[in-house]
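Asker: Attaching a single structure in C-alpha cells format; questions to follow.
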Amino acid sequence: MPELPEVEVLRRDLLTRMPKPSRIRRLQFLSPKLRTPLTLPKSLLKKPIVVTGIERRSKFLVFRLEEGVFVSHLGMSGYWRAETKRSEIKHDHVIIEWENGDLWVYNDPRRFGIFEFHPDLSEVKWFTQLGPEPFSDEFLAQPVIDKIRGSQRAIKSIIMDAKVMVGVGNIYASEALYKAGINPFKPGNRVSFESLRRLLVVIRNTLSKAIDGGGSSIRDYVHASGEKGKFQNEHLVYGRSGEKCTQCDSKIQSKKIQGRSTFWCRKCQR
DNA sequence: CTTACCGCCTGTCGGC
DNA sequence: TGCCGACAGGCGGTAA
C-alpha cells in the first residue's frame, strides 16, 4: 500500500506519539505470521524493551532498540493504530503495549506486511541490495543515471526497482513520469541524460510534496490516528484514466506495465 | 546476466 | 441477489 511518503508520514506521527520513557511492557503477536513468521528470541521477553528511535529505510520502518531492532513493513494493506484502550479489529496482528498503557496495533488484512526482530541492522536481508534514498546526495549522482541508461526496461519499471532507487511505488511512478514529461513505456536507455536528470529531481520533489500532504490515502492508508492523507487530491494521472489531462486536451490513458496499472498522457509524455 | 511473471493474502467492485 | 473474475500503495523467487 504505502510508498515512501506514507511510511515517512507514519514514522513522524509515531515518533510524536512515543511515550517517554519509551519502554514496551508487553509485545503480543496475534497471528503466527505476516509475510514472515512473527517470532521473538526468549531473551527479549525477560525485561522491558526500550525503544530509542524510529527510522525509515526505503519503505521499511526501523524501531531502534537498546538491544537490536524491529524492522516493519506495511506491505499493501497494513496500518498502525495508536489507541489508549484496546479495540479488537479483524486482522490485528501485532500489539505493542507501552508501560504507560498506550497501545500501538498493527493491522494488515492481506498480511503482506513484516514485523521482525534483528539483533543488528547489518543482518537484515531486506536492506542488502537497496539503491539510494531519494533525499540523499547519491540519488542525483552518476551511478543511478548509469543504471537507468544501462537498462532496456520501461523507465517506469526501473524507477520502481529498489535496487536502482528506493521509495517509488506504483502511484508516484506514474505521477513523477507525468510531471517530467516522459512516457512510462520508454526504455531506460532511450531517455536522454537531460530528461533523466529532470526526472530524478521531479521524483524527489513529488515525494517531498506528498510527505507535506500527509501521504496518499487511496483505500487503506491512514495515519496512526485514523486520519487520512490529503495528497490523493493532488494526483494528476494516477486513478484518472479517461479524465482530461491537466495540460492538454487528450484523455489520460491506462495500461499495465509488468502487471501494474500505469497512467499517462500520450501527448504530454513522449 | 536481465527481465517478466507468479504467488503471497483478503476485500471490494463491476458485470452478468 | 449472488457468483466470479479483476484488481488493489510491495516484494522476492523463479523461469526463460
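Convention: chains lettered A, B, ... in C-alpha cells order; per-chain residue numbering from 1; ligands numbered from 1 as shown.
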Using only C-alpha atoms (C1' of nucleotides), which chain A residues lie at most 9 Å away from chain B, written as number ranges by chain?

Answerer: A: 35, 109-112, 151, 153, 258-259

Asker: Take the residues just selected and output them with all heavy atoms as a CSV table (one decimal), in the first residue's frame.

Answerer:
chain,number,residue,atom,x,y,z
A,35,ARG,N,4.1,-11.6,6.4
A,35,ARG,CA,4.9,-12.2,5.2
A,35,ARG,C,5.9,-13.2,5.7
A,35,ARG,O,6.2,-14.2,5.1
A,35,ARG,CB,5.5,-11.1,4.4
A,35,ARG,CG,6.3,-11.6,3.3
A,35,ARG,CD,6.7,-10.6,2.3
A,35,ARG,NE,7.4,-11.2,1.2
A,35,ARG,CZ,7.9,-10.5,0.2
A,35,ARG,NH1,7.8,-9.3,0.1
A,35,ARG,NH2,8.5,-11.2,-0.7
A,109,PRO,N,-4.9,-6.7,6.6
A,109,PRO,CA,-5.8,-7.7,6.0
A,109,PRO,C,-5.0,-8.7,5.1
A,109,PRO,O,-5.2,-9.9,5.2
A,109,PRO,CB,-6.8,-7.0,5.3
A,109,PRO,CG,-6.9,-5.6,5.9
A,109,PRO,CD,-5.5,-5.4,6.4
A,110,ARG,N,-4.2,-8.2,4.3
A,110,ARG,CA,-3.6,-9.1,3.3
A,110,ARG,C,-2.3,-9.8,3.8
A,110,ARG,O,-1.8,-10.7,3.2
A,110,ARG,CB,-3.3,-8.3,2.0
A,110,ARG,CG,-4.6,-7.8,1.3
A,110,ARG,CD,-4.3,-7.0,0.1
A,110,ARG,NE,-3.8,-7.8,-1.0
A,110,ARG,CZ,-3.5,-7.3,-2.2
A,110,ARG,NH1,-3.6,-6.1,-2.4
A,110,ARG,NH2,-3.1,-8.1,-3.2
A,111,ARG,N,-1.8,-9.3,4.9
A,111,ARG,CA,-0.7,-9.9,5.5
A,111,ARG,C,0.6,-10.0,4.7
A,111,ARG,O,1.4,-10.9,4.7
A,111,ARG,CB,-1.0,-11.4,6.0
A,111,ARG,CG,-1.7,-11.4,7.4
A,111,ARG,CD,-2.1,-12.7,7.8
A,111,ARG,NE,-3.4,-13.1,7.3
A,111,ARG,CZ,-3.6,-14.4,6.8
A,111,ARG,NH1,-2.7,-15.3,6.8
A,111,ARG,NH2,-4.8,-14.6,6.3
A,112,PHE,N,0.7,-9.0,3.8
A,112,PHE,CA,2.0,-8.9,3.1
A,112,PHE,C,3.0,-8.1,3.9
A,112,PHE,O,4.2,-7.9,3.5
A,112,PHE,CB,1.8,-8.1,1.8
A,112,PHE,CG,1.0,-8.9,0.7
A,112,PHE,CD1,0.6,-8.3,-0.4
A,112,PHE,CD2,0.6,-10.2,0.9
A,112,PHE,CE1,-0.2,-9.0,-1.4
A,112,PHE,CE2,-0.1,-10.9,0.0
A,112,PHE,CZ,-0.5,-10.3,-1.2
A,151,SER,N,19.7,0.1,-19.0
A,151,SER,CA,18.7,-0.9,-19.0
A,151,SER,C,17.7,-0.7,-20.1
A,151,SER,O,17.4,0.5,-20.5
A,151,SER,CB,17.9,-0.8,-17.7
A,151,SER,OG,16.7,-1.6,-17.7
A,153,ARG,N,14.6,-1.9,-19.9
A,153,ARG,CA,13.3,-2.0,-19.4
A,153,ARG,C,12.5,-0.7,-19.5
A,153,ARG,O,13.2,0.4,-19.6
A,153,ARG,CB,13.3,-2.4,-17.9
A,153,ARG,CG,14.1,-3.6,-17.6
A,153,ARG,CD,14.5,-3.7,-16.1
A,153,ARG,NE,13.4,-3.9,-15.3
A,153,ARG,CZ,13.4,-3.8,-13.9
A,153,ARG,NH1,14.5,-3.4,-13.4
A,153,ARG,NH2,12.4,-4.0,-13.2
A,258,GLN,N,4.3,-4.5,-16.5
A,258,GLN,CA,4.6,-5.5,-15.6
A,258,GLN,C,3.5,-5.7,-14.5
A,258,GLN,O,3.8,-5.8,-13.3
A,258,GLN,CB,5.9,-5.2,-14.8
A,258,GLN,CG,7.1,-5.5,-15.7
A,258,GLN,CD,8.4,-5.3,-14.9
A,258,GLN,OE1,9.3,-4.5,-15.3
A,258,GLN,NE2,8.5,-6.0,-13.8
A,259,GLY,N,2.3,-5.8,-15.0
A,259,GLY,CA,1.2,-6.2,-14.1
A,259,GLY,C,0.7,-5.1,-13.2
A,259,GLY,O,-0.2,-5.3,-12.5

Asker: Taking only C-alpha atoms (C1' of nucleotides) into account and nothing else, which residues of chain C lie no more than 9 Å away from chain A? Please answer as a ChimeraX atom specification.

Answerer: /C:8-11

Asker: Once DSSP has gone over the backbone, tell me which residues of segment 9-241 of chain A are in strand (DSSP E), as a compact mmCIF listing (two decimals) with all heavy atoms, in the first residue's frame.

Answerer:
# COMPACT_ATOMS: atom_id res chain seq x y z
N ARG A 23 9.34 2.61 26.95
CA ARG A 23 9.53 1.21 27.34
C ARG A 23 8.29 0.39 27.02
O ARG A 23 7.17 0.75 27.39
CB ARG A 23 9.84 1.13 28.84
CG ARG A 23 11.20 1.70 29.18
CD ARG A 23 11.22 2.26 30.58
NE ARG A 23 11.00 1.24 31.59
CZ ARG A 23 11.98 0.66 32.28
NH1 ARG A 23 13.23 1.02 32.08
NH2 ARG A 23 11.69 -0.24 33.19
N ILE A 24 8.51 -0.72 26.33
CA ILE A 24 7.42 -1.62 25.97
C ILE A 24 7.24 -2.64 27.10
O ILE A 24 8.16 -3.35 27.46
CB ILE A 24 7.73 -2.36 24.64
CG1 ILE A 24 7.82 -1.36 23.48
CG2 ILE A 24 6.65 -3.41 24.35
CD1 ILE A 24 8.30 -1.97 22.17
N ARG A 25 6.02 -2.66 27.64
CA ARG A 25 5.71 -3.56 28.75
C ARG A 25 5.48 -4.97 28.21
O ARG A 25 5.91 -5.96 28.76
CB ARG A 25 4.47 -3.06 29.47
CG ARG A 25 4.04 -3.90 30.65
CD ARG A 25 2.58 -3.62 30.98
NE ARG A 25 2.38 -2.25 31.46
CZ ARG A 25 1.20 -1.64 31.47
NH1 ARG A 25 0.12 -2.25 31.00
NH2 ARG A 25 1.08 -0.41 31.92
N ARG A 26 4.77 -5.02 27.07
CA ARG A 26 4.41 -6.33 26.52
C ARG A 26 4.26 -6.23 25.01
O ARG A 26 3.74 -5.24 24.49
CB ARG A 26 3.08 -6.79 27.12
CG ARG A 26 2.77 -8.26 26.90
CD ARG A 26 1.78 -8.73 27.94
NE ARG A 26 0.44 -8.26 27.64
CZ ARG A 26 -0.58 -9.08 27.33
NH1 ARG A 26 -0.40 -10.37 27.26
NH2 ARG A 26 -1.77 -8.57 27.10
N LEU A 27 4.74 -7.25 24.33
CA LEU A 27 4.59 -7.31 22.88
C LEU A 27 3.80 -8.57 22.57
O LEU A 27 4.17 -9.66 22.97
CB LEU A 27 5.98 -7.38 22.23
CG LEU A 27 6.04 -7.34 20.72
CD1 LEU A 27 5.47 -6.04 20.17
CD2 LEU A 27 7.49 -7.51 20.26
N GLN A 28 2.68 -8.39 21.85
CA GLN A 28 1.81 -9.53 21.57
C GLN A 28 1.72 -9.79 20.08
O GLN A 28 1.51 -8.85 19.30
CB GLN A 28 0.40 -9.24 22.05
CG GLN A 28 0.07 -9.76 23.44
CD GLN A 28 -1.40 -9.54 23.72
OE1 GLN A 28 -1.80 -8.42 24.00
NE2 GLN A 28 -2.19 -10.60 23.62
N PHE A 29 1.84 -11.04 19.70
CA PHE A 29 1.60 -11.44 18.32
C PHE A 29 0.29 -12.22 18.28
O PHE A 29 0.14 -13.22 18.98
CB PHE A 29 2.74 -12.32 17.79
CG PHE A 29 4.06 -11.60 17.69
CD1 PHE A 29 5.26 -12.28 17.90
CD2 PHE A 29 4.10 -10.26 17.37
CE1 PHE A 29 6.47 -11.63 17.79
CE2 PHE A 29 5.32 -9.59 17.26
CZ PHE A 29 6.50 -10.28 17.47
N ILE A 49 11.31 -3.81 26.79
CA ILE A 49 12.07 -3.46 25.59
C ILE A 49 12.11 -1.93 25.51
O ILE A 49 11.08 -1.27 25.55
CB ILE A 49 11.38 -4.03 24.34
CG1 ILE A 49 11.29 -5.56 24.45
CG2 ILE A 49 12.10 -3.60 23.08
CD1 ILE A 49 10.36 -6.20 23.43
N VAL A 50 13.30 -1.38 25.39
CA VAL A 50 13.44 0.07 25.34
C VAL A 50 13.67 0.52 23.90
O VAL A 50 14.61 0.08 23.24
CB VAL A 50 14.61 0.54 26.22
CG1 VAL A 50 14.72 2.06 26.18
CG2 VAL A 50 14.43 0.03 27.65
N VAL A 51 12.78 1.39 23.42
CA VAL A 51 12.89 1.91 22.06
C VAL A 51 13.64 3.24 22.09
O VAL A 51 13.28 4.14 22.85
CB VAL A 51 11.49 2.11 21.42
CG1 VAL A 51 11.61 2.66 20.01
CG2 VAL A 51 10.72 0.79 21.42
N THR A 52 14.68 3.35 21.29
CA THR A 52 15.49 4.57 21.32
C THR A 52 15.23 5.49 20.13
O THR A 52 15.71 6.62 20.08
CB THR A 52 16.99 4.22 21.36
OG1 THR A 52 17.31 3.39 20.22
CG2 THR A 52 17.33 3.44 22.62
N GLY A 53 14.49 5.00 19.15
CA GLY A 53 14.19 5.85 17.99
C GLY A 53 13.41 5.10 16.94
O GLY A 53 13.28 3.88 17.01
N ILE A 54 12.84 5.84 15.98
CA ILE A 54 12.15 5.21 14.86
C ILE A 54 12.69 5.83 13.58
O ILE A 54 12.62 7.05 13.40
CB ILE A 54 10.62 5.40 14.92
CG1 ILE A 54 10.07 4.93 16.27
CG2 ILE A 54 9.94 4.64 13.79
CD1 ILE A 54 8.57 5.16 16.43
N GLU A 55 13.25 4.99 12.74
CA GLU A 55 13.83 5.48 11.50
C GLU A 55 13.13 4.83 10.31
O GLU A 55 12.27 3.97 10.49
CB GLU A 55 15.33 5.13 11.46
CG GLU A 55 16.10 5.82 12.58
CD GLU A 55 17.48 5.22 12.80
OE1 GLU A 55 17.94 4.42 11.96
OE2 GLU A 55 18.09 5.53 13.83
N ARG A 56 13.48 5.31 9.13
CA ARG A 56 12.92 4.71 7.91
C ARG A 56 14.05 4.38 6.96
O ARG A 56 14.99 5.14 6.81
CB ARG A 56 11.97 5.70 7.22
CG ARG A 56 11.33 5.17 5.93
CD ARG A 56 10.59 6.25 5.17
NE ARG A 56 11.43 7.40 4.89
CZ ARG A 56 12.39 7.41 3.98
NH1 ARG A 56 12.64 6.35 3.26
NH2 ARG A 56 13.12 8.50 3.81
N ARG A 57 13.99 3.18 6.37
CA ARG A 57 14.89 2.84 5.29
C ARG A 57 14.03 2.29 4.17
O ARG A 57 13.28 1.34 4.40
CB ARG A 57 15.93 1.80 5.74
CG ARG A 57 16.86 1.33 4.64
CD ARG A 57 17.84 2.45 4.24
NE ARG A 57 18.79 2.00 3.22
CZ ARG A 57 18.75 2.42 1.94
NH1 ARG A 57 17.83 3.26 1.55
NH2 ARG A 57 19.64 1.99 1.07
N PHE A 60 10.58 0.67 4.71
CA PHE A 60 10.56 -0.04 5.99
C PHE A 60 10.65 0.93 7.15
O PHE A 60 11.35 1.95 7.06
CB PHE A 60 11.77 -0.99 6.09
CG PHE A 60 11.73 -2.16 5.15
CD1 PHE A 60 12.14 -2.01 3.83
CD2 PHE A 60 11.30 -3.40 5.58
CE1 PHE A 60 12.12 -3.09 2.95
CE2 PHE A 60 11.27 -4.48 4.70
CZ PHE A 60 11.68 -4.33 3.39
N LEU A 61 9.96 0.61 8.24
CA LEU A 61 10.14 1.31 9.50
C LEU A 61 11.16 0.54 10.31
O LEU A 61 11.12 -0.69 10.35
CB LEU A 61 8.84 1.34 10.30
CG LEU A 61 7.76 2.36 9.96
CD1 LEU A 61 6.58 2.15 10.92
CD2 LEU A 61 8.28 3.77 10.08
N VAL A 62 12.07 1.26 10.93
CA VAL A 62 13.07 0.62 11.78
C VAL A 62 12.93 1.17 13.20
O VAL A 62 13.16 2.35 13.43
CB VAL A 62 14.49 0.88 11.26
CG1 VAL A 62 15.52 0.27 12.21
CG2 VAL A 62 14.66 0.32 9.85
N PHE A 63 12.48 0.31 14.12
CA PHE A 63 12.41 0.70 15.53
C PHE A 63 13.76 0.36 16.15
O PHE A 63 14.10 -0.81 16.29
CB PHE A 63 11.31 -0.08 16.26
CG PHE A 63 9.91 0.17 15.76
CD1 PHE A 63 9.43 -0.47 14.62
CD2 PHE A 63 9.06 1.05 16.43
CE1 PHE A 63 8.14 -0.25 14.17
CE2 PHE A 63 7.77 1.27 15.98
CZ PHE A 63 7.30 0.62 14.85
N ARG A 64 14.52 1.39 16.51
CA ARG A 64 15.80 1.15 17.18
C ARG A 64 15.56 0.79 18.63
O ARG A 64 14.84 1.49 19.34
CB ARG A 64 16.65 2.41 17.12
CG ARG A 64 17.13 2.76 15.75
CD ARG A 64 18.46 2.10 15.47
NE ARG A 64 19.02 2.54 14.21
CZ ARG A 64 20.12 2.04 13.67
NH1 ARG A 64 20.78 1.07 14.31
NH2 ARG A 64 20.58 2.48 12.53
N LEU A 65 16.16 -0.30 19.07
CA LEU A 65 16.02 -0.74 20.46
C LEU A 65 17.37 -0.61 21.16
O LEU A 65 18.40 -0.50 20.50
CB LEU A 65 15.57 -2.21 20.49
CG LEU A 65 14.39 -2.57 19.59
CD1 LEU A 65 14.11 -4.07 19.69
CD2 LEU A 65 13.15 -1.76 19.96
N VAL A 69 16.87 -4.34 16.79
CA VAL A 69 15.90 -3.51 16.05
C VAL A 69 14.65 -4.33 15.71
O VAL A 69 14.69 -5.54 15.56
CB VAL A 69 16.49 -3.00 14.71
CG1 VAL A 69 17.62 -2.01 14.93
CG2 VAL A 69 16.97 -4.17 13.83
N PHE A 70 13.54 -3.62 15.59
CA PHE A 70 12.38 -4.18 14.92
C PHE A 70 12.35 -3.59 13.52
O PHE A 70 12.50 -2.38 13.36
CB PHE A 70 11.07 -3.81 15.62
CG PHE A 70 10.88 -4.44 16.97
CD1 PHE A 70 10.40 -3.69 18.04
CD2 PHE A 70 11.17 -5.79 17.17
CE1 PHE A 70 10.22 -4.27 19.29
CE2 PHE A 70 10.99 -6.37 18.42
CZ PHE A 70 10.52 -5.61 19.48
N VAL A 71 12.16 -4.44 12.54
CA VAL A 71 12.03 -3.98 11.16
C VAL A 71 10.61 -4.29 10.72
O VAL A 71 10.15 -5.42 10.84
CB VAL A 71 13.04 -4.69 10.24
CG1 VAL A 71 12.75 -4.37 8.79
CG2 VAL A 71 14.46 -4.26 10.60
N SER A 72 9.91 -3.26 10.26
CA SER A 72 8.49 -3.43 9.95
C SER A 72 8.17 -2.86 8.58
O SER A 72 8.75 -1.87 8.15
CB SER A 72 7.67 -2.73 11.04
OG SER A 72 6.30 -2.82 10.74
N HIS A 73 7.23 -3.51 7.90
CA HIS A 73 6.82 -3.07 6.57
C HIS A 73 5.31 -3.17 6.49
O HIS A 73 4.72 -4.09 7.07
CB HIS A 73 7.48 -3.95 5.50
CG HIS A 73 7.42 -3.38 4.11
ND1 HIS A 73 6.26 -3.29 3.40
CD2 HIS A 73 8.39 -2.88 3.32
CE1 HIS A 73 6.52 -2.75 2.21
NE2 HIS A 73 7.80 -2.49 2.13
N TYR A 79 -1.53 -1.03 8.41
CA TYR A 79 -1.50 0.29 9.06
C TYR A 79 -1.23 0.11 10.54
O TYR A 79 -1.47 -0.97 11.10
CB TYR A 79 -2.81 1.06 8.83
CG TYR A 79 -4.03 0.49 9.55
CD1 TYR A 79 -4.34 0.90 10.85
CD2 TYR A 79 -4.85 -0.45 8.94
CE1 TYR A 79 -5.45 0.38 11.53
CE2 TYR A 79 -5.96 -0.97 9.60
CZ TYR A 79 -6.25 -0.55 10.90
OH TYR A 79 -7.35 -1.07 11.56
N TRP A 80 -0.71 1.15 11.16
CA TRP A 80 -0.53 1.16 12.62
C TRP A 80 -1.59 2.06 13.23
O TRP A 80 -1.93 3.11 12.68
CB TRP A 80 0.86 1.69 12.99
CG TRP A 80 1.94 0.67 12.85
CD1 TRP A 80 2.74 0.49 11.75
CD2 TRP A 80 2.36 -0.30 13.81
NE1 TRP A 80 3.62 -0.54 11.98
CE2 TRP A 80 3.41 -1.04 13.24
CE3 TRP A 80 1.94 -0.63 15.12
CZ2 TRP A 80 4.06 -2.09 13.91
CZ3 TRP A 80 2.58 -1.66 15.78
CH2 TRP A 80 3.63 -2.38 15.18
N ARG A 81 -2.13 1.62 14.35
CA ARG A 81 -3.20 2.34 15.04
C ARG A 81 -2.75 2.62 16.47
O ARG A 81 -2.35 1.70 17.17
CB ARG A 81 -4.43 1.43 15.03
CG ARG A 81 -5.72 2.03 15.50
CD ARG A 81 -6.86 1.04 15.27
NE ARG A 81 -6.93 -0.01 16.27
CZ ARG A 81 -6.84 -1.31 16.01
NH1 ARG A 81 -6.65 -1.74 14.78
NH2 ARG A 81 -6.93 -2.19 16.98
N ALA A 82 -2.78 3.88 16.86
CA ALA A 82 -2.43 4.23 18.23
C ALA A 82 -3.71 4.41 19.02
O ALA A 82 -4.61 5.12 18.59
CB ALA A 82 -1.61 5.52 18.26
N GLU A 83 -3.79 3.74 20.17
CA GLU A 83 -5.01 3.87 20.99
C GLU A 83 -4.67 3.71 22.46
O GLU A 83 -3.59 3.23 22.82
CB GLU A 83 -6.07 2.86 20.55
CG GLU A 83 -5.62 1.42 20.57
CD GLU A 83 -6.61 0.49 19.87
OE1 GLU A 83 -7.44 0.98 19.08
OE2 GLU A 83 -6.54 -0.73 20.13
N ASP A 92 -5.96 -7.61 13.23
CA ASP A 92 -4.90 -7.10 14.11
C ASP A 92 -3.87 -8.22 14.27
O ASP A 92 -4.24 -9.38 14.51
CB ASP A 92 -5.48 -6.76 15.50
CG ASP A 92 -6.24 -5.44 15.49
OD1 ASP A 92 -6.17 -4.71 14.48
OD2 ASP A 92 -6.91 -5.15 16.50
N HIS A 93 -2.59 -7.88 14.15
CA HIS A 93 -1.55 -8.92 14.22
C HIS A 93 -0.50 -8.69 15.30
O HIS A 93 0.01 -9.64 15.88
CB HIS A 93 -0.85 -9.05 12.86
CG HIS A 93 -1.76 -9.35 11.73
ND1 HIS A 93 -2.50 -10.51 11.65
CD2 HIS A 93 -2.08 -8.62 10.64
CE1 HIS A 93 -3.22 -10.48 10.53
NE2 HIS A 93 -3.00 -9.36 9.91
N VAL A 94 -0.16 -7.42 15.52
CA VAL A 94 0.89 -7.11 16.49
C VAL A 94 0.38 -6.03 17.44
O VAL A 94 -0.22 -5.05 16.99
CB VAL A 94 2.17 -6.59 15.78
CG1 VAL A 94 3.24 -6.20 16.80
CG2 VAL A 94 2.71 -7.62 14.80
N ILE A 95 0.60 -6.23 18.74
CA ILE A 95 0.23 -5.20 19.70
C ILE A 95 1.46 -4.82 20.52
O ILE A 95 2.06 -5.66 21.18
CB ILE A 95 -0.87 -5.67 20.68
CG1 ILE A 95 -2.09 -6.17 19.91
CG2 ILE A 95 -1.27 -4.53 21.62
CD1 ILE A 95 -3.16 -6.75 20.82
N ILE A 96 1.82 -3.56 20.45
CA ILE A 96 2.87 -3.01 21.30
C ILE A 96 2.17 -2.33 22.47
O ILE A 96 1.41 -1.39 22.28
CB ILE A 96 3.75 -2.00 20.54
CG1 ILE A 96 4.57 -2.71 19.46
CG2 ILE A 96 4.65 -1.24 21.51
CD1 ILE A 96 5.40 -1.77 18.59
N GLU A 97 2.43 -2.85 23.68
CA GLU A 97 1.83 -2.25 24.87
C GLU A 97 2.91 -1.51 25.63
O GLU A 97 3.83 -2.12 26.17
CB GLU A 97 1.20 -3.35 25.74
CG GLU A 97 0.42 -2.83 26.92
CD GLU A 97 -0.12 -3.98 27.78
OE1 GLU A 97 -0.44 -5.06 27.23
OE2 GLU A 97 -0.18 -3.79 29.00
N TRP A 98 2.80 -0.17 25.64
CA TRP A 98 3.79 0.65 26.34
C TRP A 98 3.55 0.62 27.84
O TRP A 98 2.45 0.30 28.30
CB TRP A 98 3.73 2.09 25.83
CG TRP A 98 4.06 2.23 24.38
CD1 TRP A 98 3.19 2.28 23.33
CD2 TRP A 98 5.37 2.31 23.80
NE1 TRP A 98 3.86 2.39 22.14
CE2 TRP A 98 5.20 2.41 22.40
CE3 TRP A 98 6.67 2.31 24.32
CZ2 TRP A 98 6.29 2.52 21.51
CZ3 TRP A 98 7.75 2.43 23.44
CH2 TRP A 98 7.55 2.53 22.06
N LEU A 103 -1.36 1.82 23.44
CA LEU A 103 -1.23 0.65 22.57
C LEU A 103 -0.95 1.09 21.14
O LEU A 103 -1.56 2.05 20.65
CB LEU A 103 -2.53 -0.17 22.59
CG LEU A 103 -3.00 -0.68 23.95
CD1 LEU A 103 -4.42 -1.24 23.83
CD2 LEU A 103 -2.07 -1.74 24.50
N TRP A 104 -0.03 0.40 20.49
CA TRP A 104 0.17 0.56 19.06
C TRP A 104 -0.14 -0.78 18.43
O TRP A 104 0.49 -1.79 18.76
CB TRP A 104 1.62 0.95 18.73
CG TRP A 104 1.98 2.35 19.13
CD1 TRP A 104 1.20 3.24 19.81
CD2 TRP A 104 3.22 3.02 18.87
NE1 TRP A 104 1.87 4.42 20.00
CE2 TRP A 104 3.12 4.32 19.43
CE3 TRP A 104 4.41 2.66 18.23
CZ2 TRP A 104 4.16 5.24 19.36
CZ3 TRP A 104 5.44 3.57 18.16
CH2 TRP A 104 5.31 4.85 18.72
N VAL A 105 -1.12 -0.78 17.53
CA VAL A 105 -1.58 -2.04 16.96
C VAL A 105 -1.32 -2.07 15.46
O VAL A 105 -1.66 -1.12 14.75
CB VAL A 105 -3.10 -2.23 17.22
CG1 VAL A 105 -3.57 -3.57 16.68
CG2 VAL A 105 -3.40 -2.11 18.71
N TYR A 106 -0.72 -3.15 15.00
CA TYR A 106 -0.52 -3.32 13.57
C TYR A 106 -1.62 -4.19 12.99
O TYR A 106 -1.83 -5.32 13.44
CB TYR A 106 0.85 -3.96 13.27
CG TYR A 106 1.07 -4.14 11.78
CD1 TYR A 106 1.25 -3.03 10.95
CD2 TYR A 106 1.04 -5.40 11.19
CE1 TYR A 106 1.40 -3.17 9.59
CE2 TYR A 106 1.19 -5.55 9.81
CZ TYR A 106 1.38 -4.43 9.02
OH TYR A 106 1.51 -4.57 7.67
N ASN A 107 -2.34 -3.64 12.01
CA ASN A 107 -3.44 -4.36 11.36
C ASN A 107 -3.12 -4.48 9.87
O ASN A 107 -2.66 -3.53 9.24
CB ASN A 107 -4.74 -3.58 11.56
CG ASN A 107 -5.95 -4.30 10.97
OD1 ASN A 107 -6.08 -4.46 9.76
ND2 ASN A 107 -6.84 -4.74 11.85
N ILE A 114 5.39 -6.93 7.34
CA ILE A 114 6.51 -7.58 8.02
C ILE A 114 6.70 -6.95 9.39
O ILE A 114 6.56 -5.72 9.54
CB ILE A 114 7.81 -7.38 7.19
CG1 ILE A 114 7.77 -8.18 5.88
CG2 ILE A 114 9.05 -7.76 8.00
CD1 ILE A 114 8.79 -7.73 4.87
N PHE A 115 6.97 -7.78 10.39
CA PHE A 115 7.44 -7.28 11.69
C PHE A 115 8.45 -8.28 12.20
O PHE A 115 8.10 -9.40 12.58
CB PHE A 115 6.27 -7.11 12.68
CG PHE A 115 6.67 -6.40 13.94
CD1 PHE A 115 6.59 -5.02 14.04
CD2 PHE A 115 7.16 -7.13 15.02
CE1 PHE A 115 6.97 -4.36 15.21
CE2 PHE A 115 7.55 -6.48 16.19
CZ PHE A 115 7.45 -5.09 16.29
N GLU A 116 9.71 -7.88 12.19
CA GLU A 116 10.79 -8.80 12.55
C GLU A 116 11.71 -8.19 13.59
O GLU A 116 11.93 -6.97 13.58
CB GLU A 116 11.65 -9.13 11.31
CG GLU A 116 10.93 -9.86 10.20
CD GLU A 116 11.80 -10.02 8.95
OE1 GLU A 116 12.81 -9.28 8.83
OE2 GLU A 116 11.46 -10.86 8.10
N PHE A 117 12.27 -9.04 14.44
CA PHE A 117 13.34 -8.59 15.32
C PHE A 117 14.68 -9.03 14.73
O PHE A 117 14.79 -10.13 14.20
CB PHE A 117 13.21 -9.21 16.73
CG PHE A 117 14.42 -8.95 17.59
CD1 PHE A 117 14.58 -7.73 18.23
CD2 PHE A 117 15.41 -9.92 17.71
CE1 PHE A 117 15.71 -7.48 18.99
CE2 PHE A 117 16.54 -9.67 18.48
CZ PHE A 117 16.69 -8.45 19.12
N HIS A 118 15.65 -8.13 14.81
CA HIS A 118 17.02 -8.49 14.42
C HIS A 118 17.99 -7.94 15.45
O HIS A 118 17.83 -6.79 15.88
CB HIS A 118 17.37 -7.93 13.04
CG HIS A 118 16.56 -8.53 11.93
ND1 HIS A 118 16.91 -9.71 11.32
CD2 HIS A 118 15.41 -8.13 11.34
CE1 HIS A 118 16.01 -10.00 10.38
NE2 HIS A 118 15.09 -9.07 10.37

Asker: For the structure I just gave you, how does DSSP split segment 142-233 of chain A - specifically, which residues are helix (DSSP H, G or I)? Reply as JSON, numbers by chain.

Answerer: {"A": [142, 143, 144, 145, 146, 147, 148, 149, 155, 156, 157, 158, 159, 170, 171, 172, 173, 174, 175, 176, 177, 178, 179, 180, 188, 189, 190, 193, 194, 195, 196, 197, 198, 199, 200, 201, 202, 203, 204, 205, 206, 207, 208, 209, 210, 211, 212, 231, 232, 233]}

Asker: So what do you get for atom CA of Gly215 of chain A versus atom CA of Arg197 of chain A, distance-wise?

Answerer: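 Distance reported for this atom pair: 24.6 Å.
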
Asker: Distance atom CA of Asp120 of chain A-atom CA of Leu15 of chain A, one decimal place?

Answerer: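 A separation of 21.0 Å between them.
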